[in-house]
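Q: Contents are CSV, C-alpha atoms; file name my_file_5.csv:
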```csv
chain,number,residue,atom,x,y,z
A,1252,MET,CA,-47.6,83.8,-102.2
A,1253,HIS,CA,-49.6,83.7,-105.4
A,1254,PHE,CA,-52.7,85.9,-105.7
A,1255,LEU,CA,-56.0,84.3,-106.4
A,1256,ASP,CA,-59.3,86.3,-106.1
A,1257,GLN,CA,-61.9,83.7,-107.0
A,1258,ALA,CA,-62.3,79.9,-106.5
A,1259,LYS,CA,-65.0,77.3,-106.7
A,1260,ILE,CA,-65.4,74.9,-103.8
A,1261,PHE,CA,-67.8,72.1,-102.7
A,1262,VAL,CA,-69.2,72.2,-99.1
A,1263,ARG,CA,-71.3,69.7,-97.3
A,1264,SER,CA,-72.6,69.8,-93.7
A,1265,GLY,CA,-72.8,66.7,-91.5
A,1266,ALA,CA,-75.8,64.5,-91.4
A,1267,GLY,CA,-77.5,63.8,-88.1
A,1268,GLY,CA,-76.7,60.5,-86.3
A,1269,PRO,CA,-79.4,57.8,-86.0
A,1270,GLY,CA,-81.2,57.2,-82.8
A,1271,ALA,CA,-80.7,53.9,-81.0
A,1272,VAL,CA,-83.2,51.0,-80.3
A,1273,SER,CA,-82.3,49.6,-76.9
A,1274,PHE,CA,-84.0,48.0,-73.9
A,1275,ARG,CA,-82.9,47.7,-70.3
A,1276,ARG,CA,-83.7,44.8,-68.0
A,1277,GLU,CA,-81.4,44.5,-65.0
A,1278,LYS,CA,-81.5,42.6,-61.8
A,1279,TYR,CA,-82.8,44.5,-58.8
A,1280,ILE,CA,-84.2,47.3,-61.0
A,1281,GLU,CA,-88.0,47.4,-60.8
A,1282,TYR,CA,-88.8,48.9,-64.2
A,1283,GLY,CA,-87.2,48.0,-67.5
A,1284,GLY,CA,-88.2,49.3,-70.9
A,1285,PRO,CA,-86.7,51.3,-73.8
A,1286,ASP,CA,-83.6,53.3,-73.2
A,1287,GLY,CA,-82.2,54.1,-76.7
A,1288,GLY,CA,-80.6,57.6,-76.9
A,1289,ASN,CA,-80.9,60.2,-79.6
A,1290,GLY,CA,-78.3,60.6,-82.4
A,1291,GLY,CA,-75.9,63.5,-82.4
A,1292,LYS,CA,-76.2,66.6,-84.6
A,1293,GLY,CA,-74.0,66.9,-87.7
A,1294,GLY,CA,-71.4,69.6,-88.0
A,1295,ASP,CA,-72.1,73.0,-89.6
A,1296,ILE,CA,-70.3,74.6,-92.5
A,1297,ILE,CA,-69.1,78.0,-91.2
A,1298,PHE,CA,-67.3,80.7,-93.0
A,1299,GLU,CA,-65.0,83.0,-90.9
A,1300,ALA,CA,-63.2,86.1,-92.0
A,1301,VAL,CA,-59.7,86.3,-90.5
A,1302,ALA,CA,-56.8,88.7,-90.5
A,1303,GLY,CA,-53.6,88.0,-92.3
A,1304,LEU,CA,-55.0,86.5,-95.5
A,1305,ASN,CA,-55.3,88.4,-98.8
A,1306,THR,CA,-55.6,85.6,-101.3
A,1307,LEU,CA,-57.8,82.6,-102.0
A,1308,ILE,CA,-54.8,80.5,-103.3
A,1309,ASP,CA,-55.4,77.8,-100.7
A,1310,PHE,CA,-58.7,76.9,-102.3
A,1311,ARG,CA,-57.0,76.0,-105.5
A,1312,TYR,CA,-55.5,72.9,-103.8
A,1313,THR,CA,-58.3,72.2,-101.3
A,1314,GLN,CA,-61.7,72.4,-102.9
A,1315,HIS,CA,-63.9,69.9,-101.0
A,1316,PHE,CA,-65.0,70.6,-97.4
A,1317,ARG,CA,-67.2,68.1,-95.6
A,1318,ALA,CA,-68.2,68.4,-91.9
A,1319,PRO,CA,-68.4,65.1,-90.0
A,1320,ARG,CA,-71.8,63.5,-89.3
A,1321,GLY,CA,-73.2,63.0,-85.8
A,1322,GLN,CA,-72.6,59.8,-84.0
A,1323,GLY,CA,-75.5,57.4,-83.3
A,1324,GLY,CA,-77.2,57.1,-80.0
A,1325,SER,CA,-76.7,54.2,-77.7
A,1326,GLY,CA,-78.3,52.4,-74.7
A,1327,SER,CA,-78.7,53.9,-71.2
A,1328,ASN,CA,-80.2,57.0,-72.9
A,1329,ARG,CA,-76.9,58.1,-74.1
A,1330,THR,CA,-77.0,60.7,-76.9
A,1331,GLY,CA,-74.5,60.4,-79.7
A,1332,ALA,CA,-71.6,62.8,-80.0
A,1333,GLY,CA,-72.2,65.8,-82.3
A,1334,GLY,CA,-70.0,66.3,-85.4
A,1335,ASP,CA,-67.4,69.1,-85.2
A,1336,ASP,CA,-68.2,72.2,-87.2
A,1337,MET,CA,-66.1,72.8,-90.3
A,1338,VAL,CA,-64.8,76.3,-90.1
A,1339,ILE,CA,-63.5,77.6,-93.4
A,1340,LYS,CA,-61.2,80.6,-92.9
A,1341,VAL,CA,-61.3,83.2,-95.7
A,1342,PRO,CA,-59.8,86.7,-96.2
A,1343,VAL,CA,-61.7,89.8,-95.1
A,1344,GLY,CA,-63.8,91.0,-98.1
A,1345,THR,CA,-64.7,87.5,-99.4
A,1346,GLN,CA,-68.1,87.0,-100.9
A,1347,VAL,CA,-69.8,83.6,-101.2
A,1348,LEU,CA,-71.7,83.3,-104.5
A,1349,ALA,CA,-74.2,80.7,-105.8
A,1350,ASP,CA,-73.1,78.5,-108.7
A,1351,ASP,CA,-75.7,79.9,-111.1
A,1352,GLU,CA,-75.6,82.1,-114.1
A,1353,GLU,CA,-76.3,85.2,-112.1
A,1354,ARG,CA,-73.7,84.4,-109.4
A,1355,THR,CA,-76.3,85.3,-106.7
A,1356,LEU,CA,-74.7,86.8,-103.6
A,1357,LEU,CA,-75.2,84.5,-100.6
A,1358,ALA,CA,-72.8,86.0,-98.0
A,1359,ASP,CA,-70.4,88.9,-97.7
A,1360,LEU,CA,-67.7,88.9,-94.9
A,1361,THR,CA,-66.4,92.4,-94.4
A,1362,ARG,CA,-65.2,92.4,-90.8
A,1363,VAL,CA,-62.4,90.5,-89.0
A,1364,GLY,CA,-63.9,87.7,-86.9
A,1365,GLU,CA,-67.2,87.7,-88.8
A,1366,ARG,CA,-68.7,84.2,-88.9
A,1367,ILE,CA,-71.6,82.9,-91.0
A,1368,VAL,CA,-73.2,79.5,-90.6
A,1369,PHE,CA,-73.6,78.7,-94.3
A,1370,LEU,CA,-75.0,75.2,-94.1
A,1371,ARG,CA,-76.5,73.8,-90.9
A,1372,GLY,CA,-75.8,70.2,-89.9
A,1373,GLY,CA,-78.7,67.7,-89.7
A,1374,ASP,CA,-80.3,67.1,-86.3
A,1375,GLY,CA,-79.9,63.7,-84.7
A,1376,GLY,CA,-82.6,61.0,-85.0
A,1377,ARG,CA,-84.7,60.1,-82.0
A,1378,GLY,CA,-84.0,57.0,-79.9
A,1379,ASN,CA,-86.7,54.6,-79.1
A,1380,ALA,CA,-87.0,55.9,-75.5
A,1381,SER,CA,-88.6,59.1,-76.8
A,1382,TYR,CA,-91.3,57.1,-78.5
A,1383,LYS,CA,-92.5,55.4,-75.3
A,1384,THR,CA,-96.2,56.2,-74.4
A,1385,SER,CA,-98.7,54.7,-72.0
A,1386,THR,CA,-100.0,52.5,-74.8
A,1387,ASN,CA,-96.7,51.8,-76.5
A,1388,ARG,CA,-94.5,50.5,-73.7
A,1389,ALA,CA,-91.8,48.9,-75.9
A,1390,PRO,CA,-91.4,51.0,-79.1
A,1391,ARG,CA,-88.9,49.7,-81.7
A,1392,GLN,CA,-89.0,52.6,-84.0
A,1393,HIS,CA,-86.2,55.3,-84.1
A,1394,GLY,CA,-85.2,58.3,-86.2
A,1395,THR,CA,-82.5,57.9,-88.8
A,1396,GLY,CA,-81.3,61.5,-88.5
A,1397,TRP,CA,-81.8,64.5,-90.7
A,1398,PRO,CA,-79.7,64.5,-93.9
A,1399,SER,CA,-76.9,66.9,-94.7
A,1400,ASP,CA,-76.9,69.9,-97.0
A,1401,GLU,CA,-74.4,70.4,-99.8
A,1402,ALA,CA,-73.6,73.0,-102.5
A,1403,TRP,CA,-71.0,74.2,-105.0
A,1404,VAL,CA,-70.3,77.8,-104.4
A,1405,TRP,CA,-67.9,80.5,-105.7
A,1406,LEU,CA,-65.7,82.5,-103.4
A,1407,ARG,CA,-64.8,85.9,-104.7
A,1408,LEU,CA,-62.4,88.3,-102.9
A,1409,LYS,CA,-62.8,92.0,-103.0
A,1410,LEU,CA,-59.9,93.6,-101.2
A,1411,LEU,CA,-60.9,96.2,-98.6
A,1412,ALA,CA,-59.1,99.5,-99.1
A,1413,ASP,CA,-59.8,103.2,-98.4
A,1414,ALA,CA,-58.3,104.6,-101.6
A,1415,GLY,CA,-57.9,102.9,-105.0
A,1416,LEU,CA,-55.4,103.8,-107.7
A,1417,VAL,CA,-56.6,103.8,-111.3
A,1418,GLY,CA,-55.1,104.8,-114.6
A,1419,LEU,CA,-53.7,103.5,-117.9
A,1420,PRO,CA,-50.7,101.1,-117.9
A,1421,ASN,CA,-47.4,102.9,-117.0
A,1422,ALA,CA,-49.2,105.8,-115.4
A,1423,GLY,CA,-47.0,105.5,-112.3
A,1424,LYS,CA,-49.4,103.8,-109.9
A,1425,SER,CA,-46.8,101.2,-108.7
A,1426,THR,CA,-44.2,103.9,-108.2
A,1427,PHE,CA,-46.6,106.0,-106.2
A,1428,ILE,CA,-47.7,103.2,-103.9
A,1429,ASN,CA,-44.1,102.2,-103.3
A,1430,ALA,CA,-43.3,105.8,-102.4
A,1431,VAL,CA,-46.1,106.2,-99.8
A,1432,THR,CA,-46.3,102.7,-98.4
A,1433,ASN,CA,-44.1,99.7,-97.6
A,1434,ALA,CA,-45.5,97.8,-100.6
A,1435,GLN,CA,-43.0,96.4,-103.0
A,1436,ALA,CA,-44.9,96.6,-106.2
A,1437,LYS,CA,-43.0,95.7,-109.4
A,1438,VAL,CA,-42.0,98.7,-111.5
A,1439,GLY,CA,-41.0,98.5,-115.2
A,1440,ALA,CA,-40.9,100.5,-118.4
A,1441,TYR,CA,-43.5,98.4,-120.1
A,1442,ALA,CA,-47.3,97.9,-120.1
A,1443,PHE,CA,-49.0,95.8,-117.5
A,1444,THR,CA,-46.1,95.7,-115.0
A,1445,THR,CA,-48.7,95.1,-112.3
A,1446,THR,CA,-50.6,91.9,-112.9
A,1447,ARG,CA,-52.3,91.5,-109.6
A,1448,PRO,CA,-53.7,94.0,-107.0
A,1449,GLN,CA,-51.3,95.4,-104.4
A,1450,LEU,CA,-52.2,96.7,-100.9
A,1451,GLY,CA,-50.3,99.2,-98.8
A,1452,VAL,CA,-50.8,101.2,-95.6
A,1453,VAL,CA,-50.2,104.9,-95.8
A,1454,ARG,CA,-49.2,106.8,-92.6
A,1455,HIS,CA,-49.7,110.6,-93.0
A,1456,HIS,CA,-50.2,113.3,-90.4
A,1457,GLN,CA,-50.5,110.7,-87.6
A,1458,ARG,CA,-53.3,109.0,-89.5
A,1459,GLU,CA,-53.3,105.8,-91.6
A,1460,PHE,CA,-55.3,104.4,-94.4
A,1461,VAL,CA,-55.1,101.5,-97.0
A,1462,VAL,CA,-54.4,102.1,-100.6
A,1463,ALA,CA,-55.0,99.5,-103.4
A,1464,ASP,CA,-53.2,99.4,-106.7
A,1465,ILE,CA,-54.8,97.4,-109.5
A,1466,PRO,CA,-53.5,96.6,-113.0
A,1467,GLY,CA,-53.8,99.3,-115.6
A,1468,LEU,CA,-56.9,99.8,-117.8
A,1469,ILE,CA,-56.9,100.3,-121.5
A,1470,GLU,CA,-59.6,101.1,-124.0
A,1471,GLY,CA,-62.0,98.2,-124.3
A,1472,ALA,CA,-61.0,96.7,-120.9
A,1473,ALA,CA,-64.7,96.2,-120.2
A,1474,ASP,CA,-64.8,93.9,-123.2
A,1475,GLY,CA,-61.7,91.9,-122.2
A,1476,ALA,CA,-59.0,94.0,-123.8
A,1477,GLY,CA,-55.6,93.8,-122.0
A,1478,ILE,CA,-56.0,92.3,-118.6
A,1479,GLY,CA,-59.7,93.3,-118.7
A,1480,ASP,CA,-61.7,94.8,-115.9
A,1481,ARG,CA,-61.7,91.8,-113.7
A,1482,PHE,CA,-59.7,93.5,-110.9
A,1483,LEU,CA,-61.9,96.5,-110.8
A,1484,GLY,CA,-64.0,94.6,-108.2
A,1485,HIS,CA,-61.2,95.2,-105.7
A,1486,ILE,CA,-61.9,98.9,-105.6
A,1487,GLU,CA,-65.7,98.8,-105.4
A,1488,ARG,CA,-65.5,99.3,-101.7
A,1489,CYS,CA,-63.0,102.2,-101.8
A,1490,ARG,CA,-64.2,105.5,-100.6
A,1491,VAL,CA,-62.1,107.6,-103.0
A,1492,LEU,CA,-60.2,106.9,-106.2
A,1493,LEU,CA,-56.8,108.4,-107.2
A,1494,HIS,CA,-56.7,108.8,-110.9
A,1495,LEU,CA,-53.1,109.1,-112.2
A,1496,ILE,CA,-52.4,110.4,-115.7
A,1497,ASP,CA,-49.0,110.2,-117.3
A,1498,ALA,CA,-47.8,113.7,-118.2
A,1499,ASN,CA,-45.9,112.1,-121.2
A,1500,ASP,CA,-49.1,110.9,-122.9
A,1501,LYS,CA,-49.8,112.4,-126.2
A,1502,ASP,CA,-53.3,113.5,-125.1
A,1503,VAL,CA,-53.8,113.7,-121.3
A,1504,ALA,CA,-57.5,114.5,-121.7
A,1505,GLU,CA,-58.0,111.4,-123.8
A,1506,SER,CA,-56.1,109.3,-121.3
A,1507,TYR,CA,-58.5,110.6,-118.6
A,1508,ARG,CA,-61.5,109.9,-120.7
A,1509,ILE,CA,-60.5,106.3,-121.5
A,1510,VAL,CA,-60.3,105.3,-117.9
A,1511,ARG,CA,-63.5,107.1,-116.9
A,1512,ASP,CA,-65.4,105.3,-119.7
A,1513,GLU,CA,-64.1,101.9,-118.6
A,1514,LEU,CA,-65.2,102.7,-115.0
A,1515,ALA,CA,-68.6,103.6,-116.2
A,1516,ALA,CA,-68.9,100.5,-118.4
A,1517,TYR,CA,-67.9,98.3,-115.4
A,1518,GLY,CA,-70.7,99.7,-113.2
A,1519,GLY,CA,-70.8,99.2,-109.5
A,1520,GLY,CA,-70.9,102.9,-108.9
A,1521,LEU,CA,-67.1,103.3,-109.6
A,1522,ASP,CA,-67.7,106.4,-111.9
A,1523,GLU,CA,-69.7,108.0,-109.1
A,1524,LYS,CA,-67.0,107.8,-106.4
A,1525,PRO,CA,-65.0,110.9,-105.3
A,1526,VAL,CA,-61.9,111.2,-107.5
A,1527,VAL,CA,-58.6,112.9,-106.9
A,1528,VAL,CA,-57.0,113.6,-110.3
A,1529,ALA,CA,-53.2,113.9,-110.5
A,1530,LEU,CA,-50.9,114.6,-113.4
A,1531,ASN,CA,-48.0,112.2,-112.8
A,1532,LYS,CA,-44.3,112.2,-113.9
A,1533,ILE,CA,-43.9,116.0,-113.9
A,1534,ASP,CA,-40.2,115.6,-113.1
A,1535,THR,CA,-39.6,115.2,-116.8
A,1536,LEU,CA,-41.3,118.5,-117.8
A,1537,ASP,CA,-40.8,122.2,-117.4
A,1538,ASP,CA,-43.1,124.5,-115.4
A,1539,GLU,CA,-44.8,126.0,-118.5
A,1540,LEU,CA,-45.7,122.6,-120.0
A,1541,ILE,CA,-46.9,121.4,-116.6
A,1542,ALA,CA,-49.3,124.3,-116.3
A,1543,ALA,CA,-50.6,123.8,-119.8
A,1544,LEU,CA,-51.2,120.1,-119.4
A,1545,SER,CA,-52.8,120.7,-116.0
A,1546,ALA,CA,-55.2,123.3,-117.5
A,1547,GLU,CA,-56.1,120.8,-120.3
A,1548,LEU,CA,-56.8,118.1,-117.8
A,1549,GLU,CA,-58.8,120.3,-115.5
A,1550,GLU,CA,-61.1,121.2,-118.4
A,1551,ALA,CA,-61.6,117.5,-119.2
A,1552,SER,CA,-62.2,116.4,-115.6
A,1553,GLY,CA,-64.1,119.4,-114.4
A,1554,GLY,CA,-62.1,119.7,-111.2
A,1555,PRO,CA,-58.7,120.6,-109.8
A,1556,VAL,CA,-55.6,118.6,-110.9
A,1557,ILE,CA,-52.6,118.0,-108.7
A,1558,PRO,CA,-49.1,118.0,-110.4
A,1559,LEU,CA,-47.3,114.9,-109.0
A,1560,SER,CA,-44.0,113.0,-109.2
A,1561,GLY,CA,-43.9,109.7,-107.5
A,1562,VAL,CA,-40.1,109.5,-108.1
A,1563,SER,CA,-39.0,112.9,-106.8
A,1564,GLY,CA,-41.8,113.3,-104.2
A,1565,VAL,CA,-43.2,116.5,-105.6
A,1566,GLY,CA,-46.9,116.8,-104.8
A,1567,VAL,CA,-47.1,113.5,-102.8
A,1568,ASP,CA,-48.1,115.2,-99.6
A,1569,TRP,CA,-50.6,117.3,-101.4
A,1570,VAL,CA,-52.2,114.2,-102.9
A,1571,LEU,CA,-52.3,112.4,-99.5
A,1572,ASP,CA,-53.9,115.4,-97.9
A,1573,ARG,CA,-56.7,115.3,-100.5
A,1574,LEU,CA,-57.2,111.6,-99.9
A,1575,LEU,CA,-57.4,112.1,-96.2
A,1576,GLU,CA,-60.1,114.7,-96.7
A,1577,ALA,CA,-62.2,112.3,-98.7
A,1578,ILE,CA,-61.8,109.4,-96.1
A,1579,PRO,CA,-61.8,111.1,-92.7
A,1580,ALA,CA,-63.3,108.1,-90.9
A,1581,ALA,CA,-60.7,105.8,-92.3
A,1582,GLY,CA,-57.7,107.7,-91.0
A,1583,ARG,CA,-57.4,106.4,-87.5
A,1584,PRO,CA,-54.6,107.7,-85.1
A,1585,VAL,CA,-51.3,105.9,-85.3
A,1586,GLU,CA,-49.7,104.9,-82.0
A,1587,ASP,CA,-46.0,104.9,-82.6
A,1588,ASP,CA,-44.5,102.7,-79.9
A,1589,GLY,CA,-41.4,101.9,-81.9
A,1590,GLU,CA,-42.5,98.3,-82.5
A,1591,GLU,CA,-44.4,96.9,-85.4
A,1592,ASP,CA,-47.7,95.2,-84.7
A,1593,GLU,CA,-47.4,91.4,-85.2
A,1594,VAL,CA,-50.1,90.2,-87.6
A,1595,GLN,CA,-51.3,86.7,-86.9
A,1596,TRP,CA,-51.6,84.7,-90.0
A,1597,SER,CA,-54.2,82.0,-90.1
A,1598,PRO,CA,-54.2,79.4,-93.0
A,1599,VAL,CA,-57.4,77.7,-94.2
```
Take the structure in the file and give it back as structure tokens.
A:
Amino acid sequence: MHFLDQAKIFVRSGAGGPGAVSFRREKYIEYGGPDGGNGGKGGDIIFEAVAGLNTLIDFRYTQHFRAPRGQGGSGSNRTGAGGDDMVIKVPVGTQVLADDEERTLLADLTRVGERIVFLRGGDGGRGNASYKTSTNRAPRQHGTGWPSDEAWVWLRLKLLADAGLVGLPNAGKSTFINAVTNAQAKVGAYAFTTTRPQLGVVRHHQREFVVADIPGLIEGAADGAGIGDRFLGHIERCRVLLHLIDANDKDVAESYRIVRDELAAYGGGLDEKPVVVALNKIDTLDDELIAALSAELEEASGGPVIPLSGVSGVGVDWVLDRLLEAIPAAGRPVEDDGEEDEVQWSPV
């Protein structure tokens, strides 16, 4: 399935149905008079966050959503049928933005099952029976129904994860997430192997939490260099960041600074989040060089540095322990019943 994290769609609620103009005059019935029913209400546009979706790719092929209008009223005081609501299913973490220069935030769906009535359908028009008074016994006026609402909006997906992986290209982020989760991120000896965010679930010490891997950052990413900083939005909601630095870089302190500068330039509070710093790929170095590079990196970061090798597994448990300390509420107990939970997938 292709990954798409933003899409532009058109939505329109249903208009209300018109009221009816009708009169009754039947044999053996003492009183006749108006009996036109009201029109039905138009359908609402509803956004619903569902489990099992992690992309907006469906909205590339279906971009127009129109709720049906309400049916007109009829004689015998019969109200017209209301139009069905149009429920648009989106991944958890989807934001609905206005189609303006500022991309004003209109809605944010962060929980499974959360529903938001985005556009309300029009109310049905009144039938002529409702206009009857003591002085107007045979009204012929009726309501035409309230009009629909419509809008162009942007959908933007920000994946929900507890920990986010950041670093330069080839820092070993994909190797790490493959080592600690069931994710199958692409690994290669070239820059920008990862071209879209990856999610994986870590199970550690009878706890579990979600890790997000995003494409690597280079200097000038905030200005569009490389893949840019577009995917940084997927870790805005992370509680902690794992910053991986390749031990084979010429200057590990400079590698750390480049990524930190790009996080600060992006904004969103990313540079203020708790960070676990790890010196990766130490399986290619001796102990003396590892100690020297760790000390250099500690001086640059102002905090402890964990020597790590995603390939050999050295330091992996140490890193996971540090991540769990930073996200205690996220690590919920794992019930191991020998069977994997079946995740229900719901298409749009």
Q: For the atom pair CA of Pro1420 in chain A and CA of Arg1407 in chain A, what is the interatomic distance in Å to one decimal place?
A: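 So the two atoms, CA of Pro1420 in chain A and CA of Arg1407 in chain A, lie 24.6 Å apart.
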Q: Please provide the set of residues having any atom within 7 Å of Gly1467 in chain A, restricted to all atoms listed in the file, with same-chain residues fewer than 3 positions apart removed, written as a ChimeraX atom specification.
A: /A:1417-1420,1443
Q: Counting all atoms listed in the file, what is within 8 Å of range 1376-1393 of chain A, bar same-chain residues fewer than 2 positions away, as a list in words?
A: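 So the residues in contact are Gly1267, Gly1268, Pro1269, Gly1270, Ala1271, Val1272, Ser1273, Gly1284, Pro1285, Asp1286, Gly1287, Gly1288, Asn1289, Gly1290, Gly1291, Gly1324, Asn1328, Asp1374, Thr1395, Gly1396 and Trp1397 of chain A.
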Q: Measure the distance from CA of Ser1560 in chain A to CA of Leu1411 in chain A in Å and round it to one decimal.
A: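 Atom-to-atom, CA of Ser1560 in chain A and CA of Leu1411 in chain A are spaced 26.1 Å apart.
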Q: Just how far from CA of Leu1410 in chain A is CA of Ala1302 in chain A, in Å to one decimal?
A: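 Here the two named atoms are 12.2 Å from each other.
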Q: What are the closest atom pairs, with distances in Å to one decimal, for all residues of range 1313-1346 of chain A lying within 12 Å of range 1479-1494 of chain A? Consider all atoms listed in the file, order rows by chain and residue number, and present the result as CSV.
A:
```
residue,atom,partner,partner_atom,distance
A:Val1343,CA,A:His1485,CA,11.9
A:Gly1344,CA,A:His1485,CA,9.1
A:Thr1345,CA,A:His1485,CA,10.5
A:Gln1346,CA,A:Gly1484,CA,11.3
```
Q: (-58.4, 75.0, -107.2) in this file's frame - what residues fall within 10 Å of it? Use all atoms listed in the file and give the answer as a PyMOL selection string.
A: chain A and resi 1255+1257-1260+1307-1315
Q: Do you know which residues are at most 8 Å from Val1404 in chain A counting all atoms listed in the file, after dropping those on the same chain fewer than 2 positions away, and could you put them as a list in words?
A: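 Surrounding residues, per the criterion: Lys1259, Ile1260, Phe1261, Val1262, Val1347, Leu1348, Ala1349, Asp1350, Ala1402 and Leu1406 of chain A.
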Q: Would you save the residues from that selection as a PDB file, in the frame of the given file, using C-alpha atoms?
A:
```
ATOM      1  CA  LYS A1259     -65.000  77.300-106.700  1.00  0.00           C
ATOM      2  CA  ILE A1260     -65.400  74.900-103.800  1.00  0.00           C
ATOM      3  CA  PHE A1261     -67.800  72.100-102.700  1.00  0.00           C
ATOM      4  CA  VAL A1262     -69.200  72.200 -99.100  1.00  0.00           C
ATOM      5  CA  VAL A1347     -69.800  83.600-101.200  1.00  0.00           C
ATOM      6  CA  LEU A1348     -71.700  83.300-104.500  1.00  0.00           C
ATOM      7  CA  ALA A1349     -74.200  80.700-105.800  1.00  0.00           C
ATOM      8  CA  ASP A1350     -73.100  78.500-108.700  1.00  0.00           C
ATOM      9  CA  ALA A1402     -73.600  73.000-102.500  1.00  0.00           C
ATOM     10  CA  LEU A1406     -65.700  82.500-103.400  1.00  0.00           C
TER      11      LEU A1406
END
```
Q: Can you work out which one of A:Glu1277, A:Asp1568, A:Asp1502, A:Glu1576 has the shortest atom-to-atom distance to Arg1454 in chain A, counting all atoms listed in the file?
A: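 Answer, going by the shortest atom-to-atom distance: A:Asp1568.
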Q: With all atoms listed in the file as the atoms that count, which of A:Phe1254, A:Phe1274, A:Phe1298, A:Trp1569 lies nearest to Glu1365 in chain A?
A: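 Of the candidates, the smallest distance to Glu1365 in chain A is held by A:Phe1298.
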Q: Using all atoms listed in the file, find the one residue out of A:Ala1266, A:Ala1498, A:Val1527, A:Ala1516 that sits nearest to Ile1541 in chain A.
A: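 Counting all atoms listed in the file, the residue closest to Ile1541 in chain A is A:Ala1498.
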Q: If we count all atoms listed in the file and set the cut-off at 10 Å, which residues sit around Glu1505 in chain A, ignoring sequence neighbours fewer than 4 positions away in its own chain? Please answer as a PDB file with C-alpha atoms, keeping the file's coordinate frame.
A:
```
ATOM      1  CA  ILE A1496     -52.400 110.400-115.700  1.00  0.00           C
ATOM      2  CA  ASP A1500     -49.100 110.900-122.900  1.00  0.00           C
ATOM      3  CA  LYS A1501     -49.800 112.400-126.200  1.00  0.00           C
ATOM      4  CA  ILE A1509     -60.500 106.300-121.500  1.00  0.00           C
ATOM      5  CA  VAL A1510     -60.300 105.300-117.900  1.00  0.00           C
ATOM      6  CA  ARG A1511     -63.500 107.100-116.900  1.00  0.00           C
ATOM      7  CA  LEU A1548     -56.800 118.100-117.800  1.00  0.00           C
ATOM      8  CA  ALA A1551     -61.600 117.500-119.200  1.00  0.00           C
TER       9      ALA A1551
END
```
